[in-house]
Protein chains: 2
Amino acid sequence: MAAGADEREAEGREARATIVDVARQAGVSKSTVSLVLSGSSLVAEATRARVSQAMSDLGYIYHRGAATLRGAKSRVLGMVINDLSNPFFVEMAIGIEEACQGGAYIPFIANTVENPVRQLQVIRSMREYGAAGLALSPAISTSALELKPLVSEMPVVQVMRRLPGLRASVVAPENRLGARKAASHLIGLGHRRIAFVGGFPSMSVREERLAGYAEALDAAGLPFDPSLVVEAPISPSGAAGAAPQLMRTATAALCFNDVVAIGLIRAFAALGVAVGGDFAVVGFDDIDEARHIFPALTSVAVNGRALGARAAQLLMRQLASGDFTPETVLSPTTLVVRASCGASRQSGVSS
Amino acid sequence: MAAGADEREAEGREARATIVDVARQAGVSKSTVSLVLSGSSLVAEATRARVSQAMSDLGYIYHRGAATLRGAKSRVLGMVINDLSNPFFVEMAIGIEEACQGGAYIPFIANTVENPVRQLQVIRSMREYGAAGLALSPAISTSALELKPLVSEMPVVQVMRRLPGLRASVVAPENRLGARKAASHLIGLGHRRIAFVGGFPSMSVREERLAGYAEALDAAGLPFDPSLVVEAPISPSGAAGAAPQLMRTATAALCFNDVVAIGLIRAFAALGVAVGGDFAVVGFDDIDEARHIFPALTSVAVNGRALGARAAQLLMRQLASGDFTPETVLSPTTLVVRASCGASRQSGVSS
DNA sequence: TTGTAGGCGTTATCAA
DNA sequence: TTGATAACGCCTACAA
């Protein structure tokens, strides 16, 4: 008895123990071990204990590949995130993780670094390994066409960003409304030449925020001046390049997001422009640093953690029901006013 | 012919296509398809093209579970990270990812949120899914004993932190030397009551940095005063609690890391203490924000990205050679002097 | 409550 | 250069 185990211990590098080994060690059949593994109530308590003991004696590791082959359900969710160096997406990822823990799913993260090719690889890998579903924050200039065959028959929730051609759920903030609120606030403070800074035309989130910006101008009877819409990479340094131009052509900037806004504030500081006084800056997302930078950044709060949690919940609900019909969830935003927009000017302006 | 495919298209929810389906569609045997999949040069170019066409026609997805069952090697590396909300570990993760791309491995990240139980789950999952190796930055108060059986027969590289009882490679910065340099710098600036702030005794990294701090005091003939060693959670708010006490008992603080140091600077700002003037603060890691906070933070630079890259390279080398003998790699640190330590005091002090 | 007998999709071995 | 066949470890019947 237990000859297999002895053999194994004799050799240096032992082969992975299987349920057959465990069964032999515990003196039961492999079916019984399988029942123990699946937590069935059909097994006698004493038997279960013996089997568990055998498993830890042998260092048994469940072989999920074999299990999914036979049709078992996977408890793994893939999180495909475009840019983990942006704290907002880290918050979102943490929100997804927290929600998964409650639902007994286990999320694996992959960071695509805004690289569509890498994103393709990563999603393919996750499918190959049998992920049950996908939470996807697509990389910039992702092709929905390329993604489609990879994600068929699998529940996918797009978080934050959305791909126009992809038939999949969406969980996103109300970008248009949020941007409109922010721009209206700036207009209310007396600004007439307000720039929109950051991002590139292909980005859906930017289109939405830009639309809100345009709406606010329109509602106030202000002209939409294309020269005030400044494209720039979504990075602190990306915004810096735009600063010299902005200080000449505008009195305020609504930034694509906080990363851009923070870059702009730093660039202005270097140029000797007093943000909050000479120039108003508003961001989007309200990441943690917005509170701490000087001057504190006025921003449209999105709550990435809640957004991620909602996405995970939707995903798990679809997994549980087996109904993958796409849904769209928009979550509201709040304008958080701080010093960077020079709210103190308000009285002066309204006079 | 191709009846299976027709059937499939007739039904709504089709089953996953297998190599048998592909073989039928391409008019070859499944062995040939397998050869194409593994990139064998034995297959005629025309055959390969036909098979590839069939695969994309059917939306074929490789079933890695079945493959590993049969003994194929996995190209997945597990990255188990303790805290992604600390930018330093994000940098480290990005470094690992970048290095993996070069080596054709694909890394999946799991964030354990400093929770050893979750860490156990996550590592178990990665093993179950057949990860080839593990880059592990252990959660606080991880039990090496519990981890051991989970990671046997698998190459593991510990990054940044190390578990005393675990027989696995280590890639870490020279914490002791770095802390010693930082403390010596403060002593050189004339400080005599220097606190060490943040972390808890069980953490290996803290022990090393604390040792360097003690060495510097000793070398300068200063006493080691346990009341100046302040425990605190590794978070911005954790350090804040210590601030009132510190402003009474010390003139400088060497912080466990930048997150703590930044929290301390903010707390001091709220208390009206001028950091860099009344009080000197030094951090560790040199995260991006250290440059940008006011006053700019003096910090011991670690270069998380390089650290991560080195860990990944070590892991991939071990995977390639099959020799998992533990190695230890220590990478040097640099003290980056900025305003928060009040370097301007230097002349005054040396006089 | 436990045991027996396939079969899942893939790869390796051998034969053609 | 390609095809047939036997595992791999697990799960689901069904039988005992």
# chains A, B, ... in the order shown; residues from 1 in each chain; ligands from 1
>>> residues_around(residues="DA16 (chain C)", least_positions_apart="5", cutoff="12 Å", atoms="only C-alpha atoms (C1' of nucleotides)", output="list in words")
DT1, DT2, DG3 and DA4 of chain D
>>> interface_residues(of="chain C", to="chain A", cutoff="12 Å", atoms="only C-alpha atoms (C1' of nucleotides)", output="list in words")
DT1, DT2, DG3, DT4, DA5, DG6, DG7, DC8, DG9 and DT10 of chain C
>>> select_by_dssp(residues="region 127-299 of chain B", states="helix (DSSP H, G or I)", output="VMD selection string")
chain B and resid 127 to 128 144 to 150 175 to 188 204 to 219 226 to 228 236 to 240 243 to 249 258 to 271 288 to 292
>>> write_last_selection(atoms="C-alpha atoms", output="tab-separated table (two decimals), in the first residue's frame")
chain	number	residue	atom	x	y	z
B	127	ARG	CA	-0.53	26.56	-8.92
B	128	GLU	CA	-3.81	24.89	-9.78
B	144	ALA	CA	6.56	30.62	5.59
B	145	LEU	CA	5.40	27.27	6.92
B	146	GLU	CA	2.01	27.54	5.29
B	147	LEU	CA	3.51	28.65	2.02
B	148	LYS	CA	6.11	25.93	1.77
B	149	PRO	CA	3.99	23.04	0.56
B	150	LEU	CA	2.28	25.32	-1.94
B	175	ASN	CA	18.08	48.14	2.81
B	176	ARG	CA	20.58	48.25	5.60
B	177	LEU	CA	23.17	50.21	3.68
B	178	GLY	CA	20.56	52.58	2.29
B	179	ALA	CA	19.11	53.35	5.69
B	180	ARG	CA	22.58	53.80	7.09
B	181	LYS	CA	23.43	56.33	4.38
B	182	ALA	CA	20.22	58.22	5.05
B	183	ALA	CA	20.68	58.29	8.81
B	184	SER	CA	24.31	59.31	8.47
B	185	HIS	CA	23.23	62.14	6.24
B	186	LEU	CA	20.85	63.38	8.92
B	187	ILE	CA	23.55	63.08	11.54
B	188	GLY	CA	25.88	65.02	9.26
B	204	SER	CA	11.97	41.89	7.39
B	205	VAL	CA	12.46	45.05	5.36
B	206	ARG	CA	11.90	47.15	8.43
B	207	GLU	CA	14.37	45.11	10.45
B	208	GLU	CA	17.02	45.70	7.83
B	209	ARG	CA	16.38	49.41	7.53
B	210	LEU	CA	16.23	49.75	11.28
B	211	ALA	CA	19.57	47.95	11.54
B	212	GLY	CA	21.12	50.43	9.12
B	213	TYR	CA	19.70	53.28	11.15
B	214	ALA	CA	21.17	51.82	14.32
B	215	GLU	CA	24.53	51.33	12.65
B	216	ALA	CA	24.67	54.96	11.63
B	217	LEU	CA	23.89	56.09	15.15
B	218	ASP	CA	26.51	53.76	16.52
B	219	ALA	CA	29.14	54.94	14.06
B	226	PRO	CA	13.98	52.82	21.63
B	227	SER	CA	11.47	55.56	22.31
B	228	LEU	CA	12.48	57.11	19.01
B	236	PRO	CA	-0.26	58.06	4.75
B	237	SER	CA	-2.69	58.21	7.63
B	238	GLY	CA	-0.68	55.74	9.69
B	239	ALA	CA	2.19	58.16	9.98
B	240	ALA	CA	-0.06	61.07	10.82
B	243	ALA	CA	3.42	63.39	14.16
B	244	PRO	CA	2.48	65.19	17.41
B	245	GLN	CA	4.75	62.95	19.45
B	246	LEU	CA	7.60	63.29	16.97
B	247	MET	CA	7.59	67.07	16.98
B	248	ARG	CA	8.26	66.95	20.70
B	249	THR	CA	10.80	64.15	20.92
B	258	ASP	CA	7.97	57.19	1.15
B	259	VAL	CA	4.32	56.48	1.79
B	260	VAL	CA	4.94	56.98	5.48
B	261	ALA	CA	7.18	59.98	4.87
B	262	ILE	CA	4.60	61.67	2.70
B	263	GLY	CA	1.93	61.07	5.29
B	264	LEU	CA	4.22	62.58	7.87
B	265	ILE	CA	4.95	65.67	5.77
B	266	ARG	CA	1.25	66.26	5.29
B	267	ALA	CA	0.57	65.80	8.98
B	268	PHE	CA	3.32	68.24	9.86
B	269	ALA	CA	1.96	70.75	7.37
B	270	ALA	CA	-1.39	70.55	9.13
B	271	LEU	CA	0.35	71.06	12.48
B	288	ASP	CA	7.52	59.49	-8.18
B	289	GLU	CA	5.58	61.60	-5.73
B	290	ALA	CA	8.68	62.19	-3.61
B	291	ARG	CA	9.89	64.63	-6.27
B	292	HIS	CA	6.60	66.45	-6.40
>>> closest_atom_pairs(of="chain D", to="chain A", cutoff="6 Å", atoms="only C-alpha atoms (C1' of nucleotides)", output="JSON lines")
{"residue": "D:DG9", "atom": "C1'", "partner": "A:Ala66", "partner_atom": "CA", "distance": 5.2}
{"residue": "D:DC10", "atom": "C1'", "partner": "A:Ala67", "partner_atom": "CA", "distance": 5.0}
{"residue": "D:DC11", "atom": "C1'", "partner": "A:Arg70", "partner_atom": "CA", "distance": 5.9}
>>> atom_distance(atom1="CA of Ala250 (chain B)", atom2="CA of Glu174 (chain B)")
25.9 Å
>>> residues_around(residues="region 311-316 of chain A", least_positions_apart="6", cutoff="8 Å", atoms="only C-alpha atoms (C1' of nucleotides)", output="mmCIF file with N, CA and C atoms, in the first residue's frame")
data_model
loop_
_atom_site.group_PDB
_atom_site.id
_atom_site.type_symbol
_atom_site.label_atom_id
_atom_site.label_comp_id
_atom_site.auth_asym_id
_atom_site.auth_seq_id
_atom_site.Cartn_x
_atom_site.Cartn_y
_atom_site.Cartn_z
ATOM 1 N N ILE A 96 -12.812 46.017 -7.994
ATOM 2 C CA ILE A 96 -13.198 44.741 -8.607
ATOM 3 C C ILE A 96 -12.797 43.591 -7.700
ATOM 4 N N GLU A 97 -11.562 43.658 -7.211
ATOM 5 C CA GLU A 97 -11.067 42.593 -6.337
ATOM 6 C C GLU A 97 -11.934 42.427 -5.106
ATOM 7 N N ALA A 99 -15.002 43.187 -4.603
ATOM 8 C CA ALA A 99 -16.302 42.604 -4.921
ATOM 9 C C ALA A 99 -16.181 41.112 -5.215
ATOM 10 N N CYS A 100 -15.088 40.721 -5.861
ATOM 11 C CA CYS A 100 -14.902 39.311 -6.197
ATOM 12 C C CYS A 100 -14.775 38.447 -4.956
ATOM 13 N N GLY A 103 -17.915 37.309 -3.765
ATOM 14 C CA GLY A 103 -18.569 36.338 -4.624
ATOM 15 C C GLY A 103 -17.760 35.077 -4.844
ATOM 16 N N GLY A 133 -14.883 34.876 -16.905
ATOM 17 C CA GLY A 133 -15.373 36.134 -17.464
ATOM 18 C C GLY A 133 -14.272 37.167 -17.471
ATOM 19 N N LEU A 134 -14.598 38.311 -18.036
ATOM 20 C CA LEU A 134 -13.574 39.334 -18.242
ATOM 21 C C LEU A 134 -14.093 40.702 -17.821
ATOM 22 N N ALA A 135 -13.285 41.394 -17.025
ATOM 23 C CA ALA A 135 -13.526 42.817 -16.803
ATOM 24 C C ALA A 135 -12.454 43.552 -17.595
ATOM 25 N N PRO A 155 -18.827 36.126 -20.782
ATOM 26 C CA PRO A 155 -19.321 37.429 -20.327
ATOM 27 C C PRO A 155 -18.182 38.432 -20.182
ATOM 28 N N VAL A 156 -18.380 39.597 -20.747
ATOM 29 C CA VAL A 156 -17.372 40.643 -20.684
ATOM 30 C C VAL A 156 -18.030 41.928 -20.197
ATOM 31 N N VAL A 157 -17.410 42.567 -19.237
ATOM 32 C CA VAL A 157 -17.874 43.877 -18.816
ATOM 33 C C VAL A 157 -16.776 44.889 -19.094
ATOM 34 N N GLN A 158 -17.090 45.880 -19.876
ATOM 35 C CA GLN A 158 -16.141 46.957 -20.116
ATOM 36 C C GLN A 158 -16.283 47.971 -18.972
ATOM 37 N N VAL A 159 -15.170 48.323 -18.384
ATOM 38 C CA VAL A 159 -15.217 49.281 -17.294
ATOM 39 C C VAL A 159 -14.584 50.576 -17.744
ATOM 40 N N VAL A 170 -21.290 47.490 -20.244
ATOM 41 C CA VAL A 170 -20.480 48.666 -19.967
ATOM 42 C C VAL A 170 -20.806 49.190 -18.570
ATOM 43 N N VAL A 171 -19.790 49.470 -17.792
ATOM 44 C CA VAL A 171 -19.967 50.173 -16.526
ATOM 45 C C VAL A 171 -19.077 51.401 -16.586
#
>>> decode(residues="chain D", atoms="N, CA and C atoms (P, O5', C5', C4', C3', O3' and C1' of nucleotides)", output="short mmCIF file (atom, residue, chain, number, x, y, z; two decimals), in the first residue's frame")
data_model
loop_
_atom_site.label_atom_id
_atom_site.label_comp_id
_atom_site.auth_asym_id
_atom_site.auth_seq_id
_atom_site.Cartn_x
_atom_site.Cartn_y
_atom_site.Cartn_z
P DT D 1 8.93 18.25 -45.43
"O5'" DT D 1 7.54 17.73 -44.80
"C5'" DT D 1 6.55 17.64 -45.80
"C4'" DT D 1 5.60 16.60 -45.36
"C3'" DT D 1 4.61 17.06 -44.29
"O3'" DT D 1 3.40 17.34 -44.94
"C1'" DT D 1 5.32 14.79 -44.02
P DT D 2 2.09 17.74 -44.29
"O5'" DT D 2 1.53 16.40 -43.70
"C5'" DT D 2 0.73 15.56 -44.52
"C4'" DT D 2 0.42 14.31 -43.76
"C3'" DT D 2 -0.68 14.45 -42.70
"O3'" DT D 2 -1.85 13.85 -43.22
"C1'" DT D 2 1.11 13.02 -42.01
P DG D 3 -3.15 13.86 -42.32
"O5'" DG D 3 -3.04 12.45 -41.59
"C5'" DG D 3 -3.06 11.28 -42.38
"C4'" DG D 3 -3.10 10.05 -41.50
"C3'" DG D 3 -4.22 10.05 -40.45
"O3'" DG D 3 -4.80 8.76 -40.42
"C1'" DG D 3 -2.11 9.78 -39.38
P DA D 4 -6.09 8.47 -39.60
"O5'" DA D 4 -5.52 7.55 -38.42
"C5'" DA D 4 -5.11 6.22 -38.72
"C4'" DA D 4 -4.59 5.54 -37.46
"C3'" DA D 4 -5.61 5.42 -36.32
"O3'" DA D 4 -5.49 4.10 -35.79
"C1'" DA D 4 -3.66 6.54 -35.57
P DT D 5 -6.50 3.62 -34.62
"O5'" DT D 5 -5.64 3.90 -33.32
"C5'" DT D 5 -4.31 3.37 -33.26
"C4'" DT D 5 -3.70 3.65 -31.90
"C3'" DT D 5 -4.70 3.65 -30.74
"O3'" DT D 5 -4.06 3.05 -29.63
"C1'" DT D 5 -3.55 5.68 -30.77
P DA D 6 -4.94 2.51 -28.42
"O5'" DA D 6 -4.03 2.92 -27.18
"C5'" DA D 6 -2.62 2.70 -27.26
"C4'" DA D 6 -1.91 3.70 -26.36
"C3'" DA D 6 -2.47 3.78 -24.94
"O3'" DA D 6 -1.39 3.93 -24.05
"C1'" DA D 6 -2.56 5.90 -25.93
P DA D 7 -1.52 3.61 -22.51
"O5'" DA D 7 -2.71 4.58 -22.05
"C5'" DA D 7 -2.62 5.29 -20.84
"C4'" DA D 7 -1.63 6.44 -20.93
"C3'" DA D 7 -1.87 7.46 -19.83
"O3'" DA D 7 -0.66 7.74 -19.16
"C1'" DA D 7 -2.09 8.47 -22.00
P DC D 8 -0.67 7.97 -17.63
"O5'" DC D 8 -1.00 9.52 -17.43
"C5'" DC D 8 -0.04 10.52 -17.75
"C4'" DC D 8 -0.73 11.86 -17.80
"C3'" DC D 8 -1.70 12.07 -16.63
"O3'" DC D 8 -1.05 12.84 -15.63
"C1'" DC D 8 -2.60 12.83 -18.75
P DG D 9 -1.19 12.39 -14.10
"O5'" DG D 9 -2.55 13.11 -13.69
"C5'" DG D 9 -2.61 14.53 -13.70
"C4'" DG D 9 -4.01 14.98 -13.41
"C3'" DG D 9 -4.62 14.40 -12.14
"O3'" DG D 9 -5.25 15.47 -11.46
"C1'" DG D 9 -6.03 13.93 -13.98
P DC D 10 -6.13 15.23 -10.14
"O5'" DC D 10 -7.59 15.38 -10.75
"C5'" DC D 10 -8.01 16.64 -11.27
"C4'" DC D 10 -9.32 16.47 -11.99
"C3'" DC D 10 -10.49 16.11 -11.09
"O3'" DC D 10 -11.34 17.26 -11.03
"C1'" DC D 10 -10.46 14.81 -13.10
P DC D 11 -12.59 17.23 -10.03
"O5'" DC D 11 -13.77 16.71 -10.98
"C5'" DC D 11 -14.11 17.48 -12.11
"C4'" DC D 11 -15.23 16.79 -12.86
"C3'" DC D 11 -16.46 16.51 -12.01
"O3'" DC D 11 -17.59 16.91 -12.77
"C1'" DC D 11 -15.69 14.51 -13.03
P DT D 12 -19.03 16.99 -12.00
"O5'" DT D 12 -19.86 15.89 -12.80
"C5'" DT D 12 -19.71 15.81 -14.21
"C4'" DT D 12 -20.38 14.55 -14.70
"C3'" DT D 12 -21.67 14.18 -13.98
"O3'" DT D 12 -22.60 13.75 -14.96
"C1'" DT D 12 -20.19 12.36 -13.90
P DA D 13 -24.16 13.75 -14.64
"O5'" DA D 13 -24.31 12.57 -13.62
"C5'" DA D 13 -25.18 11.49 -13.82
"C4'" DA D 13 -24.67 10.44 -14.77
"C3'" DA D 13 -25.37 9.11 -14.52
"O3'" DA D 13 -26.00 8.66 -15.71
"C1'" DA D 13 -22.98 8.90 -14.28
P DC D 14 -27.27 7.72 -15.57
"O5'" DC D 14 -26.68 6.37 -14.94
"C5'" DC D 14 -25.71 5.63 -15.68
"C4'" DC D 14 -25.11 4.58 -14.78
"C3'" DC D 14 -26.15 3.77 -13.98
"O3'" DC D 14 -25.96 2.40 -14.27
"C1'" DC D 14 -24.35 4.47 -12.60
P DA D 15 -26.95 1.34 -13.65
"O5'" DA D 15 -25.94 0.46 -12.79
"C5'" DA D 15 -24.61 0.26 -13.29
"C4'" DA D 15 -23.78 -0.37 -12.18
"C3'" DA D 15 -24.55 -1.40 -11.36
"O3'" DA D 15 -23.69 -2.50 -11.08
"C1'" DA D 15 -23.77 0.32 -9.94
P DA D 16 -24.21 -3.74 -10.30
"O5'" DA D 16 -23.66 -3.50 -8.83
"C5'" DA D 16 -22.26 -3.58 -8.59
"C4'" DA D 16 -22.02 -3.23 -7.15
"C3'" DA D 16 -22.77 -4.13 -6.15
"O3'" DA D 16 -21.86 -4.71 -5.26
"C1'" DA D 16 -23.04 -1.85 -5.61
#
